[in-house]
$ cat protein_25.txt   # compact mmCIF, C-alpha atoms and all ligand atoms
# COMPACT_ATOMS: atom_id res chain seq x y z
CA MET A 1184 -6.17 25.62 79.57
CA SER A 1185 -7.38 22.59 77.75
CA THR A 1186 -5.07 19.68 77.16
CA ALA A 1187 -4.77 17.21 74.34
CA THR A 1188 -8.12 15.49 74.03
CA SER A 1189 -7.17 12.71 71.69
CA GLY A 1190 -4.25 11.23 69.86
CA PRO A 1191 -2.60 7.88 69.47
CA THR A 1192 -4.73 5.62 71.66
CA ALA A 1193 -4.17 2.14 72.96
CA ASP A 1194 -7.77 1.09 72.39
CA LYS A 1195 -7.89 2.60 68.87
CA VAL A 1196 -11.42 3.92 68.56
CA VAL A 1197 -12.08 4.18 64.85
CA SER A 1198 -14.47 6.96 63.89
CA VAL A 1199 -16.73 7.03 60.89
CA VAL A 1200 -17.86 10.35 59.42
CA SER A 1201 -20.90 10.16 57.16
CA PRO A 1202 -20.59 12.23 53.96
CA HIS A 1203 -23.83 14.11 54.70
CA ALA A 1204 -21.93 17.27 55.72
CA HIS A 1205 -20.07 17.31 52.40
CA LEU A 1206 -23.02 16.65 50.13
CA SER A 1207 -26.27 18.00 51.53
CA GLU A 1208 -27.67 21.31 50.29
CA ASP A 1209 -29.67 21.71 53.49
CA TYR A 1210 -26.53 21.22 55.53
CA ALA A 1211 -24.67 23.79 53.42
CA ARG A 1212 -27.48 26.29 54.02
CA ALA A 1213 -27.54 25.55 57.76
CA GLU A 1214 -23.79 26.22 58.00
CA ASN A 1215 -24.47 29.84 57.15
CA ASP A 1216 -26.11 30.47 60.55
CA LYS A 1217 -24.89 27.70 62.80
CA LEU A 1218 -21.23 27.73 61.82
CA TRP A 1219 -20.20 30.89 59.97
CA GLY A 1220 -22.39 33.11 62.11
CA LYS A 1221 -20.74 31.79 65.29
CA VAL A 1222 -17.03 31.10 64.78
CA TRP A 1223 -13.87 33.14 64.74
CA GLN A 1224 -12.60 32.95 61.17
CA VAL A 1225 -9.62 34.38 59.30
CA ALA A 1226 -10.71 37.40 57.26
CA CYS A 1227 -7.29 38.55 56.03
CA ARG A 1228 -3.69 39.20 57.09
CA VAL A 1229 -2.79 42.36 59.00
CA GLU A 1230 -0.27 43.22 56.27
CA GLU A 1231 -3.10 43.64 53.75
CA ILE A 1232 -4.33 46.80 55.48
CA PRO A 1233 -1.21 48.73 56.56
CA GLN A 1234 -2.59 52.30 56.20
CA VAL A 1235 -5.54 53.92 57.93
CA GLY A 1236 -8.42 53.58 55.45
CA ASP A 1237 -7.13 50.35 53.87
CA TYR A 1238 -9.84 47.72 53.77
CA VAL A 1239 -10.49 44.14 52.76
CA THR A 1240 -13.96 42.83 51.95
CA TYR A 1241 -14.38 39.40 53.49
CA ASP A 1242 -17.23 37.41 51.93
CA ILE A 1243 -18.57 34.26 53.54
CA VAL A 1244 -21.60 32.60 51.95
CA ASP A 1245 -24.29 35.35 51.84
CA GLU A 1246 -22.52 37.61 54.28
CA SER A 1247 -19.98 40.30 53.52
CA ILE A 1248 -17.83 42.17 56.02
CA ILE A 1249 -15.60 45.22 55.67
CA VAL A 1250 -12.35 44.86 57.63
CA VAL A 1251 -10.70 48.27 57.81
CA ARG A 1252 -7.75 49.88 59.54
CA THR A 1253 -9.20 52.75 61.56
CA ALA A 1254 -5.99 53.82 63.35
CA ALA A 1255 -2.32 52.85 63.39
CA ASP A 1256 -3.11 50.35 66.13
CA LYS A 1257 -6.76 49.60 65.44
CA ILE A 1258 -8.69 47.45 63.00
CA SER A 1259 -12.50 47.53 62.86
CA ALA A 1260 -15.06 45.42 61.04
CA TYR A 1261 -18.59 46.22 59.83
CA TYR A 1262 -21.29 44.39 57.95
CA ASN A 1263 -20.85 45.46 54.36
CA VAL A 1264 -24.29 46.86 53.75
CA CYS A 1265 -25.68 50.32 53.14
CA GLN A 1266 -28.24 51.24 55.79
CA HIS A 1267 -30.44 52.95 53.18
CA ARG A 1268 -31.55 50.17 50.85
CA GLY A 1269 -28.98 47.47 51.38
CA ARG A 1270 -26.45 47.96 48.64
CA ARG A 1271 -23.07 46.49 49.35
CA LEU A 1272 -20.58 49.27 50.03
CA THR A 1273 -17.29 47.63 49.06
CA GLU A 1274 -15.95 44.73 47.08
CA GLY A 1275 -12.44 43.34 47.03
CA CYS A 1276 -9.73 45.32 48.77
CA GLY A 1277 -8.62 48.92 48.50
CA HIS A 1278 -8.38 52.24 50.27
CA ALA A 1279 -11.44 54.20 51.38
CA ALA A 1280 -11.19 57.48 49.45
CA ALA A 1281 -11.00 60.41 51.90
CA ASN A 1282 -11.45 57.77 54.64
CA LYS A 1283 -15.10 57.37 53.71
CA PHE A 1284 -17.25 54.52 52.47
CA THR A 1285 -19.68 56.01 49.98
CA CYS A 1286 -22.62 54.03 48.65
CA ARG A 1287 -22.78 54.01 44.88
CA PHE A 1288 -26.60 53.94 44.80
CA HIS A 1289 -27.68 57.26 46.41
CA GLY A 1290 -24.38 58.46 47.80
CA TRP A 1291 -24.90 57.98 51.53
CA ALA A 1292 -21.49 57.91 53.26
CA TRP A 1293 -19.78 56.69 56.43
CA ASN A 1294 -16.51 57.47 58.13
CA LEU A 1295 -14.06 54.76 59.23
CA GLN A 1296 -15.72 54.65 62.66
CA GLY A 1297 -18.94 53.53 60.97
CA GLU A 1298 -20.75 56.83 61.61
CA ASN A 1299 -22.92 58.20 58.85
CA THR A 1300 -21.55 61.43 57.40
CA ASN A 1301 -23.95 62.00 54.56
CA VAL A 1302 -27.60 61.36 53.80
CA LEU A 1303 -28.58 63.21 50.67
CA TRP A 1304 -31.32 65.74 51.59
CA ARG A 1305 -31.63 64.32 55.08
CA GLU A 1306 -34.21 67.02 55.86
CA ASP A 1307 -36.69 65.01 53.75
CA TYR A 1308 -36.80 62.48 56.62
CA GLY A 1309 -37.76 65.15 59.16
CA ASP A 1310 -36.49 64.14 62.60
CA GLN A 1311 -37.34 60.47 62.26
CA LEU A 1312 -33.96 59.23 61.06
CA ARG A 1313 -31.65 59.03 64.08
CA ASP A 1314 -27.88 58.55 63.99
CA ASP A 1315 -28.21 55.07 65.50
CA HIS A 1316 -30.42 54.04 62.57
CA LEU A 1317 -27.60 54.99 60.29
CA ARG A 1318 -24.51 53.48 61.91
CA LEU A 1319 -22.76 50.63 60.13
CA LYS A 1320 -23.31 47.52 62.23
CA PRO A 1321 -20.09 46.34 63.87
CA VAL A 1322 -18.60 42.84 63.73
CA LYS A 1323 -16.16 41.54 66.35
CA VAL A 1324 -12.58 41.61 65.18
CA ASP A 1325 -9.23 40.65 66.70
CA THR A 1326 -5.76 39.62 65.56
CA TRP A 1327 -3.41 36.75 66.26
CA GLY A 1328 -0.25 35.63 64.45
CA GLY A 1329 -0.58 38.40 61.87
CA TYR A 1330 -4.08 37.16 60.93
CA VAL A 1331 -7.22 39.29 61.27
CA PHE A 1332 -10.11 37.22 62.58
CA ILE A 1333 -13.77 38.22 62.64
CA ASN A 1334 -16.71 36.80 64.54
CA MET A 1335 -20.33 37.71 63.82
CA ASP A 1336 -21.54 36.40 67.18
CA PRO A 1337 -21.50 39.32 69.66
CA ASP A 1338 -21.53 36.80 72.54
CA SER A 1339 -18.56 34.75 71.33
CA GLU A 1340 -15.61 34.01 73.58
CA PRO A 1341 -12.48 36.15 73.05
CA LEU A 1342 -10.25 35.06 70.13
CA ARG A 1343 -7.39 34.05 72.42
CA ASP A 1344 -9.67 31.73 74.41
CA TYR A 1345 -11.07 30.31 71.18
CA LEU A 1346 -7.58 29.50 69.87
CA GLY A 1347 -6.45 28.15 73.25
CA GLU A 1348 -3.52 25.73 73.14
CA ALA A 1349 -3.09 26.19 69.37
CA ALA A 1350 -2.05 29.81 69.95
CA ARG A 1351 0.26 28.89 72.82
CA ILE A 1352 2.04 26.22 70.78
CA LEU A 1353 2.33 28.32 67.61
CA ASP A 1354 3.23 31.64 69.28
CA PRO A 1355 6.99 30.89 69.42
CA PHE A 1356 7.02 30.71 65.58
CA GLU A 1357 6.18 34.44 65.38
CA LEU A 1358 3.78 34.08 62.48
CA ASP A 1359 3.00 37.79 62.87
CA LYS A 1360 6.48 38.59 61.55
CA MET A 1361 5.94 36.67 58.32
CA ARG A 1362 4.64 38.19 55.09
CA PHE A 1363 3.05 36.82 51.94
CA ARG A 1364 5.46 35.43 49.34
CA TRP A 1365 2.76 34.23 46.98
CA ARG A 1366 -0.99 33.60 47.06
CA ARG A 1367 -3.48 32.10 44.68
CA TRP A 1368 -7.13 31.12 44.68
CA LEU A 1369 -9.66 29.30 42.55
CA TYR A 1370 -13.19 27.96 42.53
CA PHE A 1371 -12.89 24.26 43.13
CA PRO A 1372 -15.58 21.65 42.37
CA CYS A 1373 -15.80 20.14 45.84
CA ASN A 1374 -17.16 21.01 49.25
CA TRP A 1375 -14.99 23.39 51.29
CA LYS A 1376 -14.48 20.63 53.85
CA THR A 1377 -13.34 18.13 51.22
CA ALA A 1378 -10.77 20.67 50.07
CA LEU A 1379 -9.41 21.44 53.52
CA GLU A 1380 -9.36 17.79 54.61
CA ALA A 1381 -6.92 17.02 51.80
CA PHE A 1382 -4.33 18.92 53.85
CA MET A 1383 -5.23 17.78 57.37
CA GLU A 1384 -2.97 14.75 57.55
CA GLY A 1385 0.35 13.33 56.43
CA TYR A 1386 -1.16 9.87 55.92
CA HIS A 1387 -1.75 10.49 52.20
CA VAL A 1388 1.83 11.37 51.31
CA LEU A 1389 2.92 7.90 50.20
CA GLY A 1390 -0.24 7.29 48.16
CA THR A 1391 -0.56 10.76 46.63
CA HIS A 1392 2.95 12.17 46.53
CA PRO A 1393 5.17 9.07 46.28
CA GLN A 1394 7.99 11.17 44.82
CA LEU A 1395 8.34 12.91 48.20
CA THR A 1396 9.11 9.58 49.89
CA LYS A 1397 11.61 8.40 47.27
CA ILE A 1398 14.66 9.28 49.32
CA GLY A 1399 13.95 8.23 52.87
CA GLY A 1400 10.82 6.13 52.53
CA ALA A 1401 7.37 6.91 53.92
CA LYS A 1402 7.07 8.41 57.38
CA LYS A 1403 4.23 7.65 59.76
CA SER A 1404 2.61 10.78 61.07
CA TRP A 1405 0.90 11.48 64.38
CA SER A 1406 -2.14 13.64 65.05
CA ARG A 1407 -3.52 15.27 68.15
CA ALA A 1408 -6.50 17.44 69.06
CA TYR A 1409 -6.45 20.50 71.27
CA GLY A 1410 -10.04 21.49 71.88
CA LYS A 1411 -11.53 22.74 68.60
CA HIS A 1412 -8.20 22.72 66.79
CA ALA A 1413 -5.80 19.91 65.94
CA VAL A 1414 -2.35 19.18 64.58
CA PHE A 1415 -0.48 16.46 62.73
CA GLY A 1416 3.27 15.94 62.58
CA VAL A 1417 6.05 13.42 62.09
CA LYS A 1418 8.76 12.44 64.52
CA ALA A 1419 11.53 15.08 64.35
CA GLU A 1420 14.85 13.88 63.00
CA GLY A 1421 16.95 17.01 63.16
CA SER A 1422 14.64 18.41 60.55
CA ILE A 1423 13.30 21.85 59.75
CA GLY A 1424 9.56 21.61 59.51
CA GLY A 1425 9.94 18.13 58.07
CA ALA A 1426 12.14 19.40 55.25
CA THR A 1427 14.96 16.99 55.97
CA ALA A 1428 12.94 14.13 57.46
CA GLY A 1429 12.58 12.60 54.03
CA ALA A 1430 16.32 12.32 53.62
CA LYS A 1431 17.03 9.96 56.50
CA GLY A 1432 18.05 6.56 55.22
CA SER A 1433 19.62 7.80 52.01
CA ALA A 1434 23.11 6.45 51.28
CA ASP A 1435 24.71 9.91 51.30
CA ILE A 1436 22.77 12.09 53.70
CA ARG A 1437 24.23 15.27 52.23
CA LYS A 1438 22.81 14.51 48.81
CA GLY A 1439 19.61 13.15 50.33
CA ILE A 1440 18.91 16.42 52.13
CA ARG A 1441 19.93 18.48 49.11
CA ASP A 1442 17.63 16.54 46.81
CA SER A 1443 14.65 16.47 49.16
CA VAL A 1444 14.85 20.21 49.91
CA ASN A 1445 15.11 21.01 46.20
CA GLU A 1446 12.22 18.69 45.42
CA LEU A 1447 10.05 20.57 47.95
CA TRP A 1448 11.11 23.95 46.59
CA GLU A 1449 10.36 22.99 42.99
CA THR A 1450 7.23 20.90 43.38
CA VAL A 1451 5.53 22.58 46.38
CA ASN A 1452 7.12 26.04 46.14
CA ALA A 1453 6.77 26.12 49.93
CA SER A 1454 7.59 24.33 53.20
CA THR A 1455 11.19 25.47 52.85
CA THR A 1456 12.94 28.70 51.84
CA GLN A 1457 15.48 29.96 49.34
CA THR A 1458 17.99 30.26 52.19
CA ILE A 1459 17.55 26.63 53.20
CA VAL A 1460 17.84 25.55 49.56
CA ASN A 1461 21.07 27.54 49.20
CA VAL A 1462 22.61 25.94 52.27
CA ALA A 1463 21.38 22.46 51.30
CA ASN A 1464 23.06 22.84 47.91
CA ARG A 1465 26.41 23.39 49.67
CA LEU A 1466 26.22 20.40 52.03
CA VAL A 1467 28.28 18.20 49.72
CA ASP A 1468 31.11 20.76 49.81
CA GLU A 1469 30.88 21.56 53.50
CA LEU A 1470 30.39 18.16 55.14
CA PRO A 1471 32.30 14.86 54.97
CA GLU A 1472 30.72 11.99 53.09
CA ASP A 1473 30.11 10.02 56.29
CA ALA A 1474 28.21 12.83 58.08
CA THR A 1475 25.34 11.51 60.19
CA PRO A 1476 21.76 12.70 59.60
CA GLU A 1477 21.92 14.56 62.92
CA GLN A 1478 25.13 16.37 61.91
CA ALA A 1479 23.77 17.21 58.49
CA GLY A 1480 20.43 18.43 59.88
CA MET A 1481 22.21 20.58 62.47
CA HIS A 1482 24.63 21.99 59.88
CA LEU A 1483 21.71 22.89 57.64
CA MET A 1484 19.81 24.64 60.42
CA VAL A 1485 22.75 26.50 61.94
CA ASN A 1486 23.96 27.76 58.58
CA ALA A 1487 20.52 28.69 57.26
CA MET A 1488 20.00 30.64 60.47
CA LYS A 1489 23.36 32.41 60.03
CA GLU A 1490 22.77 33.16 56.38
CA ASP A 1491 19.34 34.58 57.19
CA ALA A 1492 20.75 36.65 60.08
CA ALA A 1493 23.32 38.17 57.71
CA ARG A 1494 20.48 39.51 55.53
CA GLY A 1495 18.43 40.68 58.51
CA VAL A 1496 16.07 37.75 58.99
CA ILE A 1497 16.29 36.58 62.58
CA TRP A 1498 14.91 33.12 63.31
CA PRO A 1499 12.69 32.75 66.36
CA LYS A 1500 14.30 30.97 69.30
CA LEU A 1501 12.76 27.51 69.34
CA THR A 1502 13.56 24.51 71.51
CA SER A 1503 13.43 21.07 69.91
CA GLU A 1504 10.52 20.29 72.27
CA GLN A 1505 8.60 23.28 70.90
CA VAL A 1506 9.32 22.22 67.33
CA GLN A 1507 8.24 18.64 68.02
CA GLU A 1508 5.08 19.61 69.91
CA SER A 1509 4.05 22.06 67.22
CA GLY A 1510 4.02 19.34 64.53
CA ILE A 1511 3.70 20.14 60.84
CA GLY A 1512 0.17 21.35 60.16
CA TRP A 1513 -2.68 22.85 62.19
CA ASN A 1514 -6.36 23.04 61.53
CA LEU A 1515 -7.55 26.24 63.14
CA PHE A 1516 -11.22 25.42 63.22
CA PRO A 1517 -13.04 25.78 61.01
CA ASN A 1518 -11.45 26.58 57.70
CA THR A 1519 -7.77 27.40 58.05
CA MET A 1520 -4.79 25.08 57.71
CA ILE A 1521 -1.35 26.35 58.72
CA LEU A 1522 1.75 24.29 57.87
CA HIS A 1523 4.47 26.16 59.70
CA GLY A 1524 8.26 26.33 59.98
CA PRO A 1525 10.67 28.71 61.72
CA THR A 1526 10.59 31.28 58.91
CA PHE A 1527 7.76 30.10 56.67
CA VAL A 1528 4.13 29.01 56.44
CA LEU A 1529 2.17 27.17 53.80
CA GLY A 1530 -1.44 28.15 54.40
CA TYR A 1531 -4.83 27.07 53.07
CA ARG A 1532 -8.28 28.57 53.48
CA ALA A 1533 -11.46 27.05 52.07
CA ARG A 1534 -14.87 28.70 52.01
CA PRO A 1535 -18.25 27.66 50.62
CA HIS A 1536 -19.12 29.07 47.22
CA GLY A 1537 -22.73 30.15 47.77
CA ASP A 1538 -24.82 27.32 49.16
CA ASN A 1539 -23.68 24.79 46.55
CA PRO A 1540 -22.14 21.90 48.52
CA ASP A 1541 -20.14 20.87 45.44
CA SER A 1542 -18.20 24.11 45.07
CA CYS A 1543 -15.79 26.10 47.17
CA ILE A 1544 -13.43 29.04 47.10
CA PHE A 1545 -10.00 27.61 47.82
CA GLU A 1546 -6.93 29.71 48.62
CA VAL A 1547 -3.28 28.73 49.02
CA TYR A 1548 -0.50 31.02 50.16
CA THR A 1549 3.01 31.01 51.53
CA LEU A 1550 4.40 33.32 54.17
CA ASP A 1551 8.14 33.92 54.61
CA ARG A 1552 10.29 36.10 56.84
CA PHE A 1553 11.83 38.99 54.87
CA PRO A 1554 14.39 41.65 55.77
CA GLU A 1555 12.46 44.76 56.81
CA GLY A 1556 11.41 46.79 53.80
CA GLU A 1557 12.04 43.91 51.37
CA GLU A 1558 8.64 42.28 51.66
CA PRO A 1559 7.29 41.68 48.15
CA LYS A 1560 3.98 43.23 47.07
CA THR A 1561 1.71 40.30 46.34
CA GLU A 1562 -1.73 39.96 44.88
CA ASN A 1563 -4.15 37.12 45.45
CA LEU A 1564 -4.16 35.71 41.93
CA TYR A 1565 -7.13 33.85 40.51
CA THR A 1566 -5.49 30.74 39.06
CA PRO A 1567 -7.62 28.01 37.48
CA GLN A 1568 -6.77 24.40 38.13
CA GLU A 1569 -5.56 23.93 34.57
CA ASP A 1570 -2.63 26.26 35.25
CA THR A 1571 -0.55 23.37 36.53
CA GLY A 1572 2.68 25.32 36.20
CA ALA A 1573 1.47 27.87 38.73
CA TRP A 1574 0.00 25.33 41.15
CA ARG A 1575 3.02 23.01 40.85
CA LYS A 1576 3.11 19.25 40.96
CA VAL A 1577 2.26 18.50 44.59
CA LEU A 1578 -0.85 20.69 44.76
CA GLY A 1579 -1.94 19.24 41.43
CA GLN A 1580 -1.80 15.80 43.01
CA ASP A 1581 -3.90 17.01 45.95
CA PHE A 1582 -6.40 18.65 43.58
CA GLY A 1583 -6.89 15.27 41.89
CA ASN A 1584 -7.97 13.78 45.23
CA MET A 1585 -10.28 16.63 46.17
CA GLN A 1586 -12.36 16.34 43.04
CA ALA A 1587 -12.46 12.53 43.01
CA VAL A 1588 -13.39 12.36 46.72
CA GLN A 1589 -16.31 14.77 46.25
CA GLN A 1590 -17.62 12.57 43.43
CA GLY A 1591 -16.84 9.28 45.18
CA MET A 1592 -18.66 10.24 48.39
CA LYS A 1593 -21.94 10.32 46.44
CA SER A 1594 -21.81 6.60 45.73
CA ARG A 1595 -24.39 4.20 47.14
CA GLY A 1596 -21.38 2.04 47.88
CA TYR A 1597 -19.92 4.46 50.42
CA SER A 1598 -20.96 4.70 54.06
CA GLY A 1599 -18.50 7.25 55.42
CA ALA A 1600 -14.86 8.03 56.18
CA LYS A 1601 -13.08 5.43 58.34
CA LEU A 1602 -10.44 7.59 59.91
CA ASN A 1603 -7.01 6.36 60.94
CA PRO A 1604 -7.07 6.76 64.74
CA GLU A 1605 -3.40 7.69 64.92
CA GLN A 1606 -2.87 9.76 61.80
CA GLU A 1607 -6.23 11.31 60.89
CA MET A 1608 -7.32 12.77 64.22
CA VAL A 1609 -7.28 16.27 62.74
CA VAL A 1610 -10.08 15.25 60.37
CA GLU A 1611 -11.95 13.47 63.17
CA ASN A 1612 -11.61 16.41 65.55
CA PHE A 1613 -12.71 18.82 62.83
CA HIS A 1614 -15.91 16.83 62.32
CA ARG A 1615 -16.52 16.39 66.05
CA THR A 1616 -16.25 20.17 66.53
CA LEU A 1617 -18.31 20.89 63.42
CA ALA A 1618 -21.05 18.55 64.65
CA GLU A 1619 -21.17 20.46 67.95
CA TYR A 1620 -21.89 23.70 66.07
CA MET A 1621 -24.31 22.09 63.62
CA GLY A 1622 -26.10 19.79 66.05
CA VAL A 1623 -25.89 16.83 63.62
CA ASN A 1624 -23.51 14.40 61.92
CA ALA A 1625 -21.12 13.62 64.80
CA PRO A 1626 -18.47 10.97 64.02
CA LYS A 1627 -19.64 7.53 65.19
CA PRO A 1628 -17.56 4.56 66.32
CA LEU A 1629 -17.06 1.95 63.59
CA LYS A 1630 -19.37 -1.02 64.11
S1 LIG A 1701 -28.72 52.07 48.86
FE1 LIG A 1701 -26.97 53.05 49.60
S2 LIG A 1701 -27.43 55.14 49.43
FE2 LIG A 1701 -29.21 54.18 48.76
FE FE A 1702 -0.91 16.44 49.74
$ encode --input "protein_25.txt" --output "structure tokens"
Amino acid sequence: MSTATSGPTADKVVSVVSPHAHLSEDYARAENDKLWGKVWQVACRVEEIPQVGDYVTYDIVDESIIVVRTAADKISAYYNVCQHRGRRLTEGCGHAAANKFTCRFHGWAWNLQGENTNVLWREDYGDQLRDDHLRLKPVKVDTWGGYVFINMDPDSEPLRDYLGEAARILDPFELDKMRFRWRRWLYFPCNWKTALEAFMEGYHVLGTHPQLTKIGGAKKSWSRAYGKHAVFGVKAEGSIGGATAGAKGSADIRKGIRDSVNELWETVNASTTQTIVNVANRLVDELPEDATPEQAGMHLMVNAMKEDAARGVIWPKLTSEQVQESGIGWNLFPNTMILHGPTFVLGYRARPHGDNPDSCIFEVYTLDRFPEGEEPKTENLYTPQEDTGAWRKVLGQDFGNMQAVQQGMKSRGYSGAKLNPEQEMVVENFHRTLAEYMGVNAPKPLK
């Protein structure tokens, strides 16, 4: 087991990351082999392929992979390419008709196990075409936390080893029991790393989202690396995933919590739940005016838990040490961010858009816990940036940074990111790990 490899340090080594990785076309092309061909990466959620024959097509740069449920307890993955002349077999998500993938060019077909079941007039080939010529080529696949991961490197370490401490620390939150509440995606005019880095720290909250600090003032965050992955958080103050941290210091804590939870719900549409909002709205009626932040935070948690239990949503059992250690948001290297709570997740995934370093496919989603059978059917909705109503205020503010950073990094007057050694270690660790895969561009100490 690895342990924390960096974090708040007494000697404060400041790292500089050159913008080469965000801007270079050669670098973007090299990522295709050196990074995407080697890492475990989230292809989809398990819930997207509930029935045998359900599939999701996961595209990453030039590569495309079919992730398909092949049995009640088995998911398989194959390179999405016809073995005849290379046509892609699937696009998007769906259900393999008659549990077969049939190529639309000449009609060759495969079963869910990747075995060829039809070559039109196979006798034309004589005995030269063997079954092993025809098999769909497998890709490694495994699941954790309700996510389906793939890895194109047959020699890669097992997923659990790859996730290491991140999995241990997040396991108690039972992410596998959560389901999509909403999900959206868009093409965004910045590098995939620029997009993801906008969500890797809490340091930007005061500058970018000042309205979120109105009630309790700005909160310093911490950040810590665990091998390839890293987390940031704030000091817990009887809060649920940070939802009430912003309220401390307000004159009437009951109203402070109510207002900060409602602000999150309306302007992020995540990082809290309808249940927590309902309970927060009753605090003024249920608590005395001189309630302490600890009392109010506890009342909110206990009652949200009860109210959820009454509708069949059971919170995971979490100690305050587990909550504190788990922080607010994780970078699962390379391209996933998970901002978690006891019954919810706000998640981000960024992927390159072709080999253009100035463009990415960016996805945002929330997971919630639902009573069994009441999970909503969701679709991943293409939602352009201009649809500010759908993206809500807080994401709109982050979008503004992503675009302006991608442009700003091209300036002759910029030499690289000077990362806050206490609060931006997730970004630093991400680049240190990335540099190990790529063989170039490691963060350097500030001189
Ligand atoms: S390319 Fe697929 S059957 Fe010919
Ligand atoms: Fe933000």
$ residues_near_ligand --input "protein_25.txt" --ligand "ligand FE 1702 (chain A)" --cutoff "12 Å" --atoms "all atoms listed in the file" --output "PyMOL selection string"
chain A and resi 1378-1395+1447+1450-1451+1512+1522+1529+1531+1575-1585
$ atom_distance --input "protein_25.txt" --atom1 "atom CA of Ala1479 of chain A" --atom2 "atom CA of Asn1452 of chain A"
22.5 Å
$ closest_atom_pairs --input "protein_25.txt" --of "chain A" --to "ligand LIG 1701 (chain A)" --cutoff "6 Å" --atoms "only C-alpha atoms and all ligand atoms" --output "CSV"
residue,atom,partner,partner_atom,distance
A:Cys1265,CA,A:LIG1701,FE1,4.7
A:His1267,CA,A:LIG1701,S1,4.7
A:Arg1268,CA,A:LIG1701,S1,3.9
A:Gly1269,CA,A:LIG1701,S1,5.3
A:Arg1270,CA,A:LIG1701,S1,4.7
A:Cys1286,CA,A:LIG1701,FE1,4.6
A:Phe1288,CA,A:LIG1701,FE2,4.7
A:His1289,CA,A:LIG1701,S2,3.7
A:Gly1290,CA,A:LIG1701,S2,4.8
A:Trp1291,CA,A:LIG1701,S2,4.3
$ closest_residue --input "protein_25.txt" --among "A:Asp1237, A:Glu1357, A:Asp1468, A:Asp1538" --to "Leu1206 of chain A" --atoms "only C-alpha atoms"
A:Asp1538
$ closest_residue --input "protein_25.txt" --among "A:Asp1435, A:Gly1480, A:Ala1213, A:Val1200" --to "Met1621 of chain A" --atoms "all atoms listed in the file"
A:Ala1213
$ closest_residue --input "protein_25.txt" --among "A:Pro1321, A:Gly1622, A:Gly1329, A:Pro1554" --to "Lys1360 of chain A" --atoms "all atoms listed in the file"
A:Gly1329
$ closest_atom_pairs --input "protein_25.txt" --of "segment 1294-1334 of chain A" --to "segment 1241-1244 of chain A" --cutoff "12 Å" --atoms "only C-alpha atoms" --output "Markdown table"
| residue | atom | partner | partner_atom | distance |
| --- | --- | --- | --- | --- |
| A:Val1322 | CA | A:Tyr1241 | CA | 11.6 |
| A:Val1331 | CA | A:Tyr1241 | CA | 10.6 |
| A:Phe1332 | CA | A:Tyr1241 | CA | 10.3 |
| A:Ile1333 | CA | A:Tyr1241 | CA | 9.2 |
| A:Asn1334 | CA | A:Ile1243 | CA | 11.4 |
$ closest_residue --input "protein_25.txt" --among "A:Gly1530, A:Pro1525, A:Gly1236, A:Gly1495" --to "Trp1293 of chain A" --atoms "all atoms listed in the file"
A:Gly1236
$ atom_distance --input "protein_25.txt" --atom1 "atom CA of Lys1397 of chain A" --atom2 "atom CA of Ala1487 of chain A"
24.3 Å
$ closest_residue --input "protein_25.txt" --among "A:Thr1285, A:Ser1542, A:Gln1296, A:Ser1509" --to "Gln1266 of chain A" --atoms "all atoms listed in the file"
A:Thr1285
$ closest_residue --input "protein_25.txt" --among "A:Leu1602, A:Leu1617, A:Val1229, A:Met1488" --to "Ser1198 of chain A" --atoms "all atoms listed in the file"
A:Leu1602
$ axis_aligned_box --input "protein_25.txt" --around "segment 1343-1360 of chain A" --padding-each-side "6 Å" --output "AutoDock Vina command-line options"
--center_x -2.0 --center_y 32.2 --center_z 68.0 --size_x 30.1 --size_y 24.9 --size_z 24.9
$ closest_atom_pairs --input "protein_25.txt" --of "segment 1466-1513 of chain A" --to "segment 1401-1407 of chain A" --cutoff "12 Å" --atoms "only C-alpha atoms" --output "CSV"
residue,atom,partner,partner_atom,distance
A:Gln1507,CA,A:Trp1405,CA,10.9
A:Glu1508,CA,A:Arg1407,CA,9.8
A:Ser1509,CA,A:Arg1407,CA,10.2
A:Gly1510,CA,A:Ser1406,CA,8.4
A:Ile1511,CA,A:Ser1404,CA,9.4
A:Gly1512,CA,A:Ser1406,CA,9.4
A:Trp1513,CA,A:Ser1406,CA,9.7
$ residues_near_point --input "protein_25.txt" --point "(-2.8, 32.4, 45.4)" --cutoff "6 Å" --atoms "all atoms listed in the file" --output "ChimeraX atom specification"
/A:1366-1368,1546-1548,1563-1564
$ residues_near_point --input "protein_25.txt" --point "(1.3, 31.2, 69.2)" --cutoff "12 Å" --atoms "only C-alpha atoms" --output "list in words"
Thr1326, Trp1327, Gly1328, Gly1329, Tyr1330, Arg1343, Leu1346, Gly1347, Glu1348, Ala1349, Ala1350, Arg1351, Ile1352, Leu1353, Asp1354, Pro1355, Phe1356, Glu1357, Leu1358, Asp1359, Lys1360, Pro1499, Gln1505, Ser1509, Trp1513, Leu1515, Ile1521 and His1523 of chain A
$ atom_distance --input "protein_25.txt" --atom1 "atom CA of Ala1587 of chain A" --atom2 "atom CA of Asn1518 of chain A"
20.4 Å
$ residues_around --input "protein_25.txt" --residues "Leu1470 of chain A" --least-positions-apart "3" --cutoff "9 Å" --atoms "all atoms listed in the file" --output "PyMOL selection string"
chain A and resi 1437+1465-1467+1473-1474+1478-1479+1482
$ residues_around --input "protein_25.txt" --residues "segment 1441-1444 of chain A" --least-positions-apart "3" --cutoff "6 Å" --atoms "all atoms listed in the file" --output "list in words"
Lys1438, Leu1447, Ala1463 and Asn1464 of chain A
$ residues_around --input "protein_25.txt" --residues "segment 1272-1283 of chain A" --least-positions-apart "6" --cutoff "9 Å" --atoms "all atoms listed in the file" --output "MDAnalysis selection string"
chainID A and resid 1231:1232 1234:1242 1247:1249 1251 1253 1263:1265 1292:1295 1300
